[in-house]
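Participant: What follows is a single structure, and I will ask about it in a moment.
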Amino acid sequence: MMSYLPPSDPPHSKEDHHKVYVPSEQDHHKVYSSLPHGSLPAAQPDLRPRGHHGSTLRAPTARTALMGSFLFLLASLLSALSLRFSHEPPVAQALEDGVAKLPVLGYNTWNAYHCDINETVVLQAAKLMVSLGLADVGYTHVNIDDCYAEKNRSASGDIVANAERFPSGMNNLTDQIHSMGLKAGIYSDSGWFTCQLYPGSFQNEARDAKLFQDWGFDYLKFDNCAVPYDDIIREGIVGKYQRMANAIADLAKSSGKPPLIFSLCEWGEEQPWLWARRFGQSWRTTGDISPDWGSVASIINQNSFIAWASDFYGHNDMDILEVGNGDLSFDETKTHFTAWALMKSPLLIGTDLSTISDANLAILKNEEILAISQDPVVGTSVTPFRWGINPDWVSNSTHPAQYWSGESQNGTVFMLINTLDEPADMFFNLTESPWIRAGRQYSVRDLWTHTDNGTAVRNFTAAAVPAHGVVALLLKDAGDEPPNSGPPCARPEWCISQNGTLAPGA
Ligand code: GAL
């Protein structure tokens with residue numbers, strides 16, 4: 001029997017996501033260092049428990065009291081039975097409020113432009129999403145990140161769109177985005193300020209949610225900078241994010257409009273995969289991504305231990321894509337995109353689309369990969385079945401788990417990652433994956449070459465996978481395996497005949 005080591009703490013790369021963004025020599029972003037003097041009206045949000053409606057109570061008669069006790073007993077019995085037999089995992093239930101069942105696909109301004117944004121940049125991204133055919137394959141959101149606002153709220157307490165960068169106003173912008181058949185996203189922060197020290201939403205949650213909806217936005221990314229003092233907030237991370245979640249739900253109820261999609265961004269520091277699905281549809285799991293293989297590999301490593309947390313209406317967010325940025329090679333870019341898609345992360349393009357190469361565009365538009373991300377029947381992520389270079393469950397940001405599989409509506413998905421710096425053959429036995437049936441053979445579809453690669457019996461070898469490259473396969477059941485395909489059990493441990501004779505190797 002194989003023994004499993006418990007997951008060790010992933011090495012935590014403390015990115016400076018909680019610091020003000022300091023630009024590099026090459027980009028000409030401004031450095032913001034002084035605190036704004038915004039008016040911050042201290043309107044207290046309604047923190048009453050939700051979902052309870054007032055009702056008029058009458059004194060019960062003896063008969064209704066008896067009936068009440070009976071119903072109470074019945075309810076207790078049923079709930080005890082359902083606890084005993086329920087197969088629900090002991091995790092927070094998803095907020096199924098009708099939006100973002102599947103990972104959100106779209107664009108975000110941060111990785112390409114940081115603070116150098118304006119309405120032209122945003123509209124250009126939207127137009128290119130359409131003209132490059134990205135909208136056609138499902139990228140429908142255009143999301144504005146930090147730095148769109150004035151430093152101060154208005155006299156009446158509202159966030160104000162920056163007059164120089166967004167002179168036509170946010171309604172005009174979202175109207176144009178919507179007229180292209182796309183949706184629009186905006187950004188704020190759960191603290192006093194955003195990470196670039198623009199107004200945050202703390203104590204203004206209801207007001208800001210309403211403003212974002214009035215501006216025409218469909219989606220809100222919510223950051224974790226500028227945390228209020230403990231003696232003011234008297235909440236942990238869960239309570240801090242619940243404030244905006246409540247505001248969004250209240251607004252949906254009062255306005256009759258769909259709730260804003262809520263994308264939590266607290267960098268995975270307080271295990272959001274355990275609680276954030278109560279409040280929103282995605283949660284960042286790591287610090288900020290950078291456009292290099294080390295960052296991509298380390299994010300895959302950290303997410304390999306929590307891939308189970310993604311499902312419909314709630315997704316691990318592995319951060320904005322770096323496809324087209326920095327010094328990622330073609331194969332590294334393919335691996336990056338494949339892992340994000342098959343692990344059901346939101347896929348937000350983060351590059352300047354006016355200069356994107358055909359090769360990178362083709363990666364983003366791989367419809368066979370996108371079909372797994374957007375599978376309407378199976379919402380779960382691929383998960384590792386063998387770590388490979390490391391013993392199972394060992395955290396290693398340079399050599400994350402290599403052998404992954406998962407369910408999909410059309411068959412079993414396999415993802416193989418060569419984390420080595422040179423090409424390697426990658427071999428696996430089919431039944432190492434829990435989703436494969438013993439004694440069956442499988443047709444093999446390659447989701448990158450778009451070819452059918454014969455039938456796999458018992459095992460599969462991907463030959464010469466490039467350095468930092470990926471193989472993505474869809475295996476479909478193709479009936480019973482041919483007779484005499486190998487030992488009586490592909491998995492030899494405890495293999496035994498009906499009369500009790502152990503098979504060779506058992
Ligand atoms: C970080 C966040 C980035 C970006 C940035 C804006 O906290 O992780 O994705 O939103 O703030 O200042």
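Naming scheme: A, B, ... for chains in displayed order of the structure tokens; residues 1 onward per chain; ligands 1 onward as shown.
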Could you pull out the residues sitting within 8 Å of ligand 1, using only C-alpha atoms and all ligand atoms, and write them as number ranges by chain?
Facilitator: A: 17-21, 110-111, 114-115, 145-147, 187, 194-196, 221, 223-225, 265-267, 284, 287-288, 319-320
Participant: Report as a PyMOL selection string all protein, DNA and RNA residues lying within 10 Å of Asp136 (chain A), evaluated on only C-alpha atoms, omitting residues in the same chain fewer than 6 positions from it.
Facilitator: chain A and resi 129-130+365
Participant: Using only C-alpha atoms, determine which residues lie at most 12 Å from Gly439 (chain A), disregarding the query and same-chain residues fewer than 6 positions distant; provide the list as a ChimeraX atom specification.
Facilitator: /A:430-431,456-459,477-491
Participant: Convert the current residue selection to file output with N, CA, C and O atoms, as a JSON list (two decimals), in the first residue's frame.
Facilitator:
[["chain", "number", "residue", "atom", "x", "y", "z"],
["A", 430, "LEU", "N", -3.94, 4.07, -17.15],
["A", 430, "LEU", "CA", -5.24, 4.73, -17.21],
["A", 430, "LEU", "C", -5.95, 4.71, -15.86],
["A", 430, "LEU", "O", -6.53, 5.71, -15.43],
["A", 431, "THR", "N", -5.89, 3.55, -15.16],
["A", 431, "THR", "CA", -6.66, 3.44, -13.91],
["A", 431, "THR", "C", -5.99, 4.16, -12.73],
["A", 431, "THR", "O", -6.51, 4.11, -11.62],
["A", 456, "ALA", "N", -6.36, 3.94, -26.42],
["A", 456, "ALA", "CA", -5.46, 3.59, -25.31],
["A", 456, "ALA", "C", -6.00, 2.37, -24.59],
["A", 456, "ALA", "O", -7.19, 2.31, -24.25],
["A", 457, "VAL", "N", -5.13, 1.39, -24.40],
["A", 457, "VAL", "CA", -5.48, 0.21, -23.62],
["A", 457, "VAL", "C", -4.52, 0.14, -22.44],
["A", 457, "VAL", "O", -3.31, 0.15, -22.63],
["A", 458, "ARG", "N", -5.04, 0.20, -21.26],
["A", 458, "ARG", "CA", -4.26, 0.09, -20.03],
["A", 458, "ARG", "C", -3.41, 1.31, -19.68],
["A", 458, "ARG", "O", -3.31, 1.68, -18.53],
["A", 459, "ASN", "N", -2.72, 1.87, -20.67],
["A", 459, "ASN", "CA", -1.82, 2.99, -20.34],
["A", 459, "ASN", "C", -1.64, 3.91, -21.53],
["A", 459, "ASN", "O", -2.13, 3.63, -22.63],
["A", 477, "ASP", "N", -14.71, 6.47, -23.51],
["A", 477, "ASP", "CA", -14.89, 5.02, -23.40],
["A", 477, "ASP", "C", -15.17, 4.44, -24.78],
["A", 477, "ASP", "O", -16.07, 4.88, -25.49],
["A", 478, "ALA", "N", -14.37, 3.43, -25.17],
["A", 478, "ALA", "CA", -14.54, 2.81, -26.50],
["A", 478, "ALA", "C", -14.82, 1.31, -26.35],
["A", 478, "ALA", "O", -14.43, 0.51, -27.20],
["A", 479, "GLY", "N", -15.44, 0.92, -25.25],
["A", 479, "GLY", "CA", -15.87, -0.47, -25.10],
["A", 479, "GLY", "C", -14.86, -1.33, -24.34],
["A", 479, "GLY", "O", -13.82, -0.84, -23.88],
["A", 480, "ASP", "N", -15.18, -2.62, -24.22],
["A", 480, "ASP", "CA", -14.29, -3.55, -23.50],
["A", 480, "ASP", "C", -12.92, -3.58, -24.16],
["A", 480, "ASP", "O", -12.79, -3.51, -25.38],
["A", 481, "GLU", "N", -11.89, -3.71, -23.31],
["A", 481, "GLU", "CA", -10.54, -3.85, -23.88],
["A", 481, "GLU", "C", -10.42, -5.21, -24.56],
["A", 481, "GLU", "O", -11.16, -6.15, -24.22],
["A", 482, "PRO", "N", -9.48, -5.35, -25.53],
["A", 482, "PRO", "CA", -9.33, -6.65, -26.18],
["A", 482, "PRO", "C", -8.92, -7.71, -25.15],
["A", 482, "PRO", "O", -8.30, -7.38, -24.14],
["A", 483, "PRO", "N", -9.27, -9.01, -25.41],
["A", 483, "PRO", "CA", -8.86, -10.06, -24.47],
["A", 483, "PRO", "C", -7.34, -10.08, -24.35],
["A", 483, "PRO", "O", -6.62, -9.68, -25.27],
["A", 484, "ASN", "N", -6.84, -10.58, -23.21],
["A", 484, "ASN", "CA", -5.40, -10.70, -22.96],
["A", 484, "ASN", "C", -4.66, -9.37, -23.11],
["A", 484, "ASN", "O", -3.60, -9.30, -23.72],
["A", 485, "SER", "N", -5.24, -8.30, -22.58],
["A", 485, "SER", "CA", -4.57, -7.00, -22.67],
["A", 485, "SER", "C", -3.48, -6.84, -21.63],
["A", 485, "SER", "O", -2.80, -5.81, -21.59],
["A", 486, "GLY", "N", -3.33, -7.84, -20.76],
["A", 486, "GLY", "CA", -2.28, -7.73, -19.74],
["A", 486, "GLY", "C", -2.67, -8.56, -18.54],
["A", 486, "GLY", "O", -3.55, -9.42, -18.64],
["A", 487, "PRO", "N", -2.05, -8.30, -17.40],
["A", 487, "PRO", "CA", -2.39, -9.03, -16.17],
["A", 487, "PRO", "C", -3.89, -8.90, -15.87],
["A", 487, "PRO", "O", -4.53, -7.97, -16.36],
["A", 488, "PRO", "N", -4.44, -9.83, -15.06],
["A", 488, "PRO", "CA", -5.89, -9.80, -14.83],
["A", 488, "PRO", "C", -6.40, -8.49, -14.25],
["A", 488, "PRO", "O", -7.56, -8.13, -14.48],
["A", 489, "CYS", "N", -5.56, -7.80, -13.47],
["A", 489, "CYS", "CA", -5.97, -6.48, -12.98],
["A", 489, "CYS", "C", -4.90, -5.47, -13.38],
["A", 489, "CYS", "O", -3.72, -5.67, -13.10],
["A", 490, "ALA", "N", -5.34, -4.35, -13.99],
["A", 490, "ALA", "CA", -4.37, -3.29, -14.34],
["A", 490, "ALA", "C", -3.76, -2.72, -13.06],
["A", 490, "ALA", "O", -2.61, -2.32, -13.03],
["A", 491, "ARG", "N", -4.55, -2.68, -12.01],
["A", 491, "ARG", "CA", -4.05, -2.23, -10.71],
["A", 491, "ARG", "C", -3.79, -3.49, -9.89],
["A", 491, "ARG", "O", -4.73, -4.16, -9.44]]
Participant: Would you please give, as a VMD selection string, all residues of region 226-429 of chain A that DSSP assigns to strand (DSSP E) based on the backbone?
Facilitator: chain A and resid 261 to 264 282 to 284 315 to 317 347 to 349 383 to 386 403 to 408 411 to 417 424 to 429
Participant: Take the residues that were just selected and, keeping N, CA, C and O atoms, output them as a short mmCIF file (atom, residue, chain, number, x, y, z; two decimals), in the first residue's frame.
Facilitator:
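New file result13.cif:
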data_model
loop_
_atom_site.label_atom_id
_atom_site.label_comp_id
_atom_site.auth_asym_id
_atom_site.auth_seq_id
_atom_site.Cartn_x
_atom_site.Cartn_y
_atom_site.Cartn_z
N ILE A 261 -21.93 40.03 -10.41
CA ILE A 261 -21.02 38.90 -10.19
C ILE A 261 -19.96 39.41 -9.22
O ILE A 261 -19.42 40.50 -9.39
N PHE A 262 -19.67 38.62 -8.18
CA PHE A 262 -18.77 39.10 -7.12
C PHE A 262 -17.49 38.29 -7.14
O PHE A 262 -17.49 37.08 -6.90
N SER A 263 -16.39 38.97 -7.43
CA SER A 263 -15.09 38.32 -7.57
C SER A 263 -14.19 38.78 -6.41
O SER A 263 -13.76 39.93 -6.37
N LEU A 264 -13.99 37.89 -5.43
CA LEU A 264 -13.23 38.26 -4.24
C LEU A 264 -11.73 38.15 -4.53
O LEU A 264 -11.28 37.20 -5.16
N SER A 282 -16.10 33.79 -7.49
CA SER A 282 -14.69 33.40 -7.61
C SER A 282 -13.89 34.09 -6.52
O SER A 282 -14.32 35.10 -5.96
N TRP A 283 -12.73 33.51 -6.23
CA TRP A 283 -11.86 34.06 -5.20
C TRP A 283 -10.42 33.80 -5.60
O TRP A 283 -10.07 32.69 -6.00
N ARG A 284 -9.62 34.86 -5.54
CA ARG A 284 -8.20 34.69 -5.84
C ARG A 284 -7.58 33.76 -4.81
O ARG A 284 -7.90 33.83 -3.62
N HIS A 315 -15.44 29.51 -8.01
CA HIS A 315 -14.21 29.05 -8.66
C HIS A 315 -12.95 29.64 -8.04
O HIS A 315 -12.90 30.84 -7.73
N ASN A 316 -11.94 28.79 -7.89
CA ASN A 316 -10.61 29.29 -7.56
C ASN A 316 -10.16 30.21 -8.69
O ASN A 316 -10.18 29.80 -9.86
N ASP A 317 -9.75 31.42 -8.33
CA ASP A 317 -9.28 32.39 -9.35
C ASP A 317 -7.75 32.41 -9.30
O ASP A 317 -7.16 32.85 -8.32
N LEU A 347 -11.02 33.09 -16.82
CA LEU A 347 -9.99 33.33 -17.85
C LEU A 347 -10.13 34.77 -18.30
O LEU A 347 -10.98 35.10 -19.13
N LEU A 348 -9.32 35.64 -17.70
CA LEU A 348 -9.37 37.06 -18.04
C LEU A 348 -8.11 37.42 -18.79
O LEU A 348 -7.00 37.33 -18.24
N ILE A 349 -8.28 37.79 -20.05
CA ILE A 349 -7.13 38.15 -20.89
C ILE A 349 -6.51 39.42 -20.31
O ILE A 349 -7.22 40.35 -19.93
N THR A 383 -7.83 17.39 -11.17
CA THR A 383 -7.04 17.31 -9.93
C THR A 383 -5.88 16.34 -10.17
O THR A 383 -5.97 15.46 -11.03
N PRO A 384 -4.79 16.50 -9.41
CA PRO A 384 -3.65 15.61 -9.65
C PRO A 384 -3.97 14.18 -9.19
O PRO A 384 -4.58 13.99 -8.14
N PHE A 385 -3.57 13.18 -10.01
CA PHE A 385 -3.63 11.80 -9.51
C PHE A 385 -2.23 11.27 -9.22
O PHE A 385 -2.07 10.24 -8.58
N ARG A 386 -1.23 11.97 -9.70
CA ARG A 386 0.17 11.64 -9.34
C ARG A 386 0.98 12.92 -9.47
O ARG A 386 0.87 13.63 -10.45
N TYR A 403 0.60 15.02 -13.20
CA TYR A 403 -0.40 14.12 -13.81
C TYR A 403 -1.77 14.42 -13.22
O TYR A 403 -2.00 14.20 -12.03
N TRP A 404 -2.66 14.90 -14.06
CA TRP A 404 -3.97 15.39 -13.60
C TRP A 404 -5.08 14.73 -14.43
O TRP A 404 -4.89 14.42 -15.60
N SER A 405 -6.25 14.57 -13.81
CA SER A 405 -7.41 14.13 -14.58
C SER A 405 -8.68 14.70 -13.98
O SER A 405 -8.68 15.18 -12.83
N GLY A 406 -9.74 14.64 -14.75
CA GLY A 406 -11.02 15.15 -14.25
C GLY A 406 -12.15 14.70 -15.16
O GLY A 406 -11.92 14.20 -16.27
N GLU A 407 -13.36 14.90 -14.67
CA GLU A 407 -14.53 14.50 -15.45
C GLU A 407 -14.94 15.63 -16.40
O GLU A 407 -14.67 16.81 -16.13
N SER A 408 -15.60 15.26 -17.48
CA SER A 408 -16.24 16.27 -18.33
C SER A 408 -17.46 15.60 -18.94
O SER A 408 -17.60 14.37 -18.89
N GLY A 411 -16.22 12.93 -21.54
CA GLY A 411 -15.19 11.93 -21.27
C GLY A 411 -14.24 12.40 -20.17
O GLY A 411 -14.49 13.41 -19.50
N THR A 412 -13.16 11.65 -19.99
CA THR A 412 -12.20 11.98 -18.94
C THR A 412 -11.08 12.85 -19.52
O THR A 412 -10.49 12.51 -20.54
N VAL A 413 -10.82 13.96 -18.84
CA VAL A 413 -9.78 14.90 -19.29
C VAL A 413 -8.47 14.55 -18.58
O VAL A 413 -8.46 14.31 -17.37
N PHE A 414 -7.38 14.54 -19.34
CA PHE A 414 -6.06 14.36 -18.74
C PHE A 414 -5.20 15.58 -19.05
O PHE A 414 -5.25 16.10 -20.18
N MET A 415 -4.44 16.02 -18.07
CA MET A 415 -3.49 17.11 -18.28
C MET A 415 -2.14 16.65 -17.75
O MET A 415 -2.02 16.26 -16.59
N LEU A 416 -1.14 16.68 -18.63
CA LEU A 416 0.22 16.27 -18.25
C LEU A 416 1.12 17.49 -18.40
O LEU A 416 1.13 18.13 -19.46
N ILE A 417 1.86 17.82 -17.36
CA ILE A 417 2.73 19.00 -17.42
C ILE A 417 4.17 18.55 -17.25
O ILE A 417 4.51 17.91 -16.24
N ALA A 424 10.51 15.49 -22.15
CA ALA A 424 10.41 14.23 -21.41
C ALA A 424 9.22 13.42 -21.91
O ALA A 424 8.21 13.99 -22.34
N ASP A 425 9.36 12.08 -21.85
CA ASP A 425 8.21 11.21 -22.10
C ASP A 425 7.38 11.16 -20.81
O ASP A 425 7.94 11.13 -19.72
N MET A 426 6.06 11.15 -20.96
CA MET A 426 5.22 11.10 -19.76
C MET A 426 4.26 9.92 -19.90
O MET A 426 3.46 9.85 -20.83
N PHE A 427 4.35 9.01 -18.94
CA PHE A 427 3.62 7.74 -18.97
C PHE A 427 2.64 7.66 -17.81
O PHE A 427 2.97 8.06 -16.69
N PHE A 428 1.43 7.15 -18.08
CA PHE A 428 0.55 6.85 -16.94
C PHE A 428 -0.31 5.63 -17.25
O PHE A 428 -0.60 5.33 -18.42
N ASN A 429 -0.66 4.89 -16.22
CA ASN A 429 -1.66 3.84 -16.34
C ASN A 429 -3.04 4.48 -16.26
O ASN A 429 -3.28 5.34 -15.40
#
Participant: Which residue is closest to Phe330 (chain A)? Choose from A:Ile363, A:Ile248, A:Leu473, A:Ala184 and count only C-alpha atoms.
Facilitator: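 Checking each of A:Ile363, A:Ile248, A:Leu473, A:Ala184 against Phe330 (chain A), counting only C-alpha atoms, the winner is A:Ile363.
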Participant: Name the residues in contact with region 141-143 of chain A at a cut-off of 7 Å, using only C-alpha atoms, excluding same-chain residues fewer than 5 positions from it; report them as a VMD selection string.
Facilitator: chain A and resid 105 to 109 126 182 to 186
Participant: Pick out each residue of region 241-419 of chain A that DSSP on the backbone tags as alpha helix (DSSP H); I need them as a PyMOL selection string.
Facilitator: chain A and resi 241-255+293-304+330-342+358-364+367-373
Participant: Just N, CA and C atoms for this one: save the residues we selected as a short mmCIF file (atom, residue, chain, number, x, y, z; two decimals), in the first residue's frame.
Facilitator:
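Saved as out-v8.cif:
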data_model
loop_
_atom_site.label_atom_id
_atom_site.label_comp_id
_atom_site.auth_asym_id
_atom_site.auth_seq_id
_atom_site.Cartn_x
_atom_site.Cartn_y
_atom_site.Cartn_z
N TYR A 241 -15.72 40.62 3.96
CA TYR A 241 -16.25 40.40 2.60
C TYR A 241 -17.77 40.22 2.60
N GLN A 242 -18.31 39.78 3.72
CA GLN A 242 -19.76 39.58 3.78
C GLN A 242 -20.51 40.91 3.62
N ARG A 243 -19.87 41.99 4.06
CA ARG A 243 -20.53 43.30 3.97
C ARG A 243 -20.93 43.62 2.53
N MET A 244 -20.01 43.44 1.60
CA MET A 244 -20.34 43.75 0.20
C MET A 244 -21.25 42.66 -0.40
N ALA A 245 -21.04 41.41 0.03
CA ALA A 245 -21.92 40.34 -0.47
C ALA A 245 -23.38 40.66 -0.09
N ASN A 246 -23.57 41.11 1.16
CA ASN A 246 -24.92 41.47 1.60
C ASN A 246 -25.47 42.65 0.79
N ALA A 247 -24.60 43.63 0.56
CA ALA A 247 -25.05 44.81 -0.19
C ALA A 247 -25.49 44.41 -1.59
N ILE A 248 -24.73 43.51 -2.22
CA ILE A 248 -25.07 43.07 -3.58
C ILE A 248 -26.40 42.31 -3.58
N ALA A 249 -26.58 41.44 -2.59
CA ALA A 249 -27.83 40.66 -2.53
C ALA A 249 -29.02 41.58 -2.25
N ASP A 250 -28.84 42.54 -1.35
CA ASP A 250 -29.93 43.48 -1.04
C ASP A 250 -30.30 44.29 -2.27
N LEU A 251 -29.27 44.71 -2.99
CA LEU A 251 -29.51 45.53 -4.18
C LEU A 251 -30.26 44.74 -5.25
N ALA A 252 -29.87 43.48 -5.41
CA ALA A 252 -30.55 42.66 -6.41
C ALA A 252 -32.03 42.55 -6.05
N LYS A 253 -32.28 42.39 -4.75
CA LYS A 253 -33.67 42.24 -4.31
C LYS A 253 -34.44 43.54 -4.55
N SER A 254 -33.83 44.67 -4.13
CA SER A 254 -34.58 45.92 -4.22
C SER A 254 -34.70 46.42 -5.66
N SER A 255 -33.73 46.11 -6.49
CA SER A 255 -33.76 46.64 -7.87
C SER A 255 -34.44 45.68 -8.85
N TRP A 293 7.63 31.88 -16.16
CA TRP A 293 7.30 30.49 -15.86
C TRP A 293 7.30 30.21 -14.36
N GLY A 294 8.23 30.82 -13.62
CA GLY A 294 8.30 30.58 -12.17
C GLY A 294 6.97 30.92 -11.50
N SER A 295 6.38 32.03 -11.90
CA SER A 295 5.11 32.45 -11.30
C SER A 295 3.99 31.48 -11.69
N VAL A 296 3.95 31.11 -12.98
CA VAL A 296 2.90 30.19 -13.45
C VAL A 296 3.01 28.85 -12.72
N ALA A 297 4.24 28.31 -12.63
CA ALA A 297 4.42 27.00 -11.98
C ALA A 297 4.04 27.08 -10.51
N SER A 298 4.39 28.19 -9.86
CA SER A 298 4.09 28.29 -8.43
C SER A 298 2.58 28.42 -8.19
N ILE A 299 1.86 29.10 -9.07
CA ILE A 299 0.40 29.20 -8.91
C ILE A 299 -0.25 27.83 -9.14
N ILE A 300 0.26 27.08 -10.13
CA ILE A 300 -0.28 25.73 -10.36
C ILE A 300 -0.03 24.88 -9.10
N ASN A 301 1.17 25.00 -8.54
CA ASN A 301 1.49 24.22 -7.34
C ASN A 301 0.53 24.54 -6.20
N GLN A 302 0.35 25.82 -5.91
CA GLN A 302 -0.52 26.17 -4.78
C GLN A 302 -1.95 25.70 -5.03
N ASN A 303 -2.40 25.84 -6.26
CA ASN A 303 -3.78 25.44 -6.57
C ASN A 303 -3.97 23.93 -6.65
N SER A 304 -2.87 23.18 -6.79
CA SER A 304 -3.02 21.72 -6.90
C SER A 304 -3.61 21.13 -5.61
N PHE A 330 6.28 29.84 -26.02
CA PHE A 330 5.03 29.32 -26.60
C PHE A 330 4.50 28.15 -25.76
N ASP A 331 5.39 27.21 -25.41
CA ASP A 331 4.93 26.05 -24.64
C ASP A 331 4.50 26.46 -23.23
N GLU A 332 5.24 27.37 -22.61
CA GLU A 332 4.84 27.83 -21.26
C GLU A 332 3.48 28.52 -21.31
N THR A 333 3.25 29.27 -22.38
CA THR A 333 1.96 29.97 -22.50
C THR A 333 0.83 28.95 -22.66
N LYS A 334 1.07 27.91 -23.46
CA LYS A 334 0.05 26.86 -23.61
C LYS A 334 -0.23 26.17 -22.28
N THR A 335 0.83 25.89 -21.52
CA THR A 335 0.65 25.23 -20.22
C THR A 335 -0.15 26.13 -19.28
N HIS A 336 0.25 27.40 -19.24
CA HIS A 336 -0.45 28.40 -18.40
C HIS A 336 -1.94 28.40 -18.74
N PHE A 337 -2.26 28.55 -20.02
CA PHE A 337 -3.66 28.65 -20.42
C PHE A 337 -4.42 27.34 -20.14
N THR A 338 -3.79 26.21 -20.45
CA THR A 338 -4.45 24.92 -20.24
C THR A 338 -4.77 24.70 -18.77
N ALA A 339 -3.77 24.98 -17.92
CA ALA A 339 -3.99 24.75 -16.47
C ALA A 339 -5.12 25.64 -15.96
N TRP A 340 -5.10 26.92 -16.34
CA TRP A 340 -6.15 27.84 -15.86
C TRP A 340 -7.53 27.36 -16.33
N ALA A 341 -7.60 26.92 -17.61
CA ALA A 341 -8.90 26.53 -18.16
C ALA A 341 -9.40 25.22 -17.54
N LEU A 342 -8.52 24.21 -17.47
CA LEU A 342 -8.95 22.90 -16.98
C LEU A 342 -9.14 22.89 -15.46
N ASP A 358 -0.38 36.06 -33.55
CA ASP A 358 -1.36 35.06 -33.99
C ASP A 358 -1.27 33.81 -33.14
N ALA A 359 -0.04 33.44 -32.76
CA ALA A 359 0.15 32.22 -31.96
C ALA A 359 -0.56 32.35 -30.61
N ASN A 360 -0.40 33.51 -29.95
CA ASN A 360 -1.05 33.69 -28.65
C ASN A 360 -2.57 33.79 -28.79
N LEU A 361 -3.00 34.41 -29.87
CA LEU A 361 -4.45 34.49 -30.10
C LEU A 361 -5.03 33.09 -30.30
N ALA A 362 -4.28 32.27 -31.03
CA ALA A 362 -4.76 30.90 -31.27
C ALA A 362 -4.83 30.12 -29.96
N ILE A 363 -3.90 30.38 -29.05
CA ILE A 363 -3.96 29.71 -27.74
C ILE A 363 -5.25 30.11 -27.02
N LEU A 364 -5.51 31.41 -26.96
CA LEU A 364 -6.71 31.89 -26.25
C LEU A 364 -8.00 31.36 -26.89
N GLU A 367 -10.83 26.18 -28.89
CA GLU A 367 -12.20 25.89 -28.46
C GLU A 367 -12.35 24.54 -27.77
N GLU A 368 -11.44 23.62 -28.05
CA GLU A 368 -11.55 22.32 -27.35
C GLU A 368 -11.15 22.46 -25.88
N ILE A 369 -10.21 23.36 -25.61
CA ILE A 369 -9.84 23.63 -24.21
C ILE A 369 -10.95 24.45 -23.54
N LEU A 370 -11.43 25.47 -24.26
CA LEU A 370 -12.49 26.32 -23.69
C LEU A 370 -13.75 25.51 -23.39
N ALA A 371 -14.00 24.46 -24.19
CA ALA A 371 -15.20 23.64 -23.96
C ALA A 371 -15.13 22.95 -22.59
N ILE A 372 -13.92 22.60 -22.14
CA ILE A 372 -13.80 21.99 -20.81
C ILE A 372 -14.07 23.05 -19.75
N SER A 373 -13.47 24.23 -19.93
CA SER A 373 -13.70 25.32 -18.97
C SER A 373 -15.19 25.63 -18.84
#
Participant: Find the residue from A:Asp352, A:Glu493, A:Asp392, A:Glu432 that sits nearest to Ala112 (chain A); use only C-alpha atoms when measuring.
Facilitator: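 Answer, going by the shortest atom-to-atom distance: A:Asp352.
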Participant: Identify, on the basis of only C-alpha atoms, every residue whose closest approach to Glu270 (chain A) does not exceed 10 Å; exclude the query and any residue fewer than 5 positions from it along the same chain; express the result as a VMD selection string.
Facilitator: chain A and resid 236 to 238 275 285
Participant: Would you output that residue set with N, CA, C and O atoms, as a PDB file, in the first residue's frame?
Facilitator:
ATOM      1  N   GLY A 236     -13.439  39.591  11.076  1.00  0.00           N
ATOM      2  CA  GLY A 236     -12.349  38.920  10.394  1.00  0.00           C
ATOM      3  C   GLY A 236     -12.541  39.068   8.897  1.00  0.00           C
ATOM      4  O   GLY A 236     -13.409  39.811   8.425  1.00  0.00           O
ATOM      5  N   ILE A 237     -11.770  38.312   8.136  1.00  0.00           N
ATOM      6  CA  ILE A 237     -11.836  38.424   6.679  1.00  0.00           C
ATOM      7  C   ILE A 237     -13.225  38.053   6.159  1.00  0.00           C
ATOM      8  O   ILE A 237     -13.729  38.652   5.212  1.00  0.00           O
ATOM      9  N   VAL A 238     -13.863  37.071   6.806  1.00  0.00           N
ATOM     10  CA  VAL A 238     -15.176  36.626   6.327  1.00  0.00           C
ATOM     11  C   VAL A 238     -16.189  37.759   6.478  1.00  0.00           C
ATOM     12  O   VAL A 238     -16.896  38.123   5.533  1.00  0.00           O
ATOM     13  N   TRP A 275     -14.644  29.487   2.334  1.00  0.00           N
ATOM     14  CA  TRP A 275     -15.802  30.310   2.708  1.00  0.00           C
ATOM     15  C   TRP A 275     -16.326  31.243   1.618  1.00  0.00           C
ATOM     16  O   TRP A 275     -17.474  31.681   1.680  1.00  0.00           O
ATOM     17  N   THR A 285      -6.684  32.887  -5.293  1.00  0.00           N
ATOM     18  CA  THR A 285      -6.076  31.894  -4.391  1.00  0.00           C
ATOM     19  C   THR A 285      -4.619  32.205  -4.086  1.00  0.00           C
ATOM     20  O   THR A 285      -4.022  31.538  -3.244  1.00  0.00           O
TER      21      THR A 285
END
Participant: List the neighbours of Ala467 (chain A) out to 7 Å using only C-alpha atoms; skip same-chain residues closer than 3 positions along the sequence, and give me the result as a PyMOL selection string.
Facilitator: chain A and resi 418-423
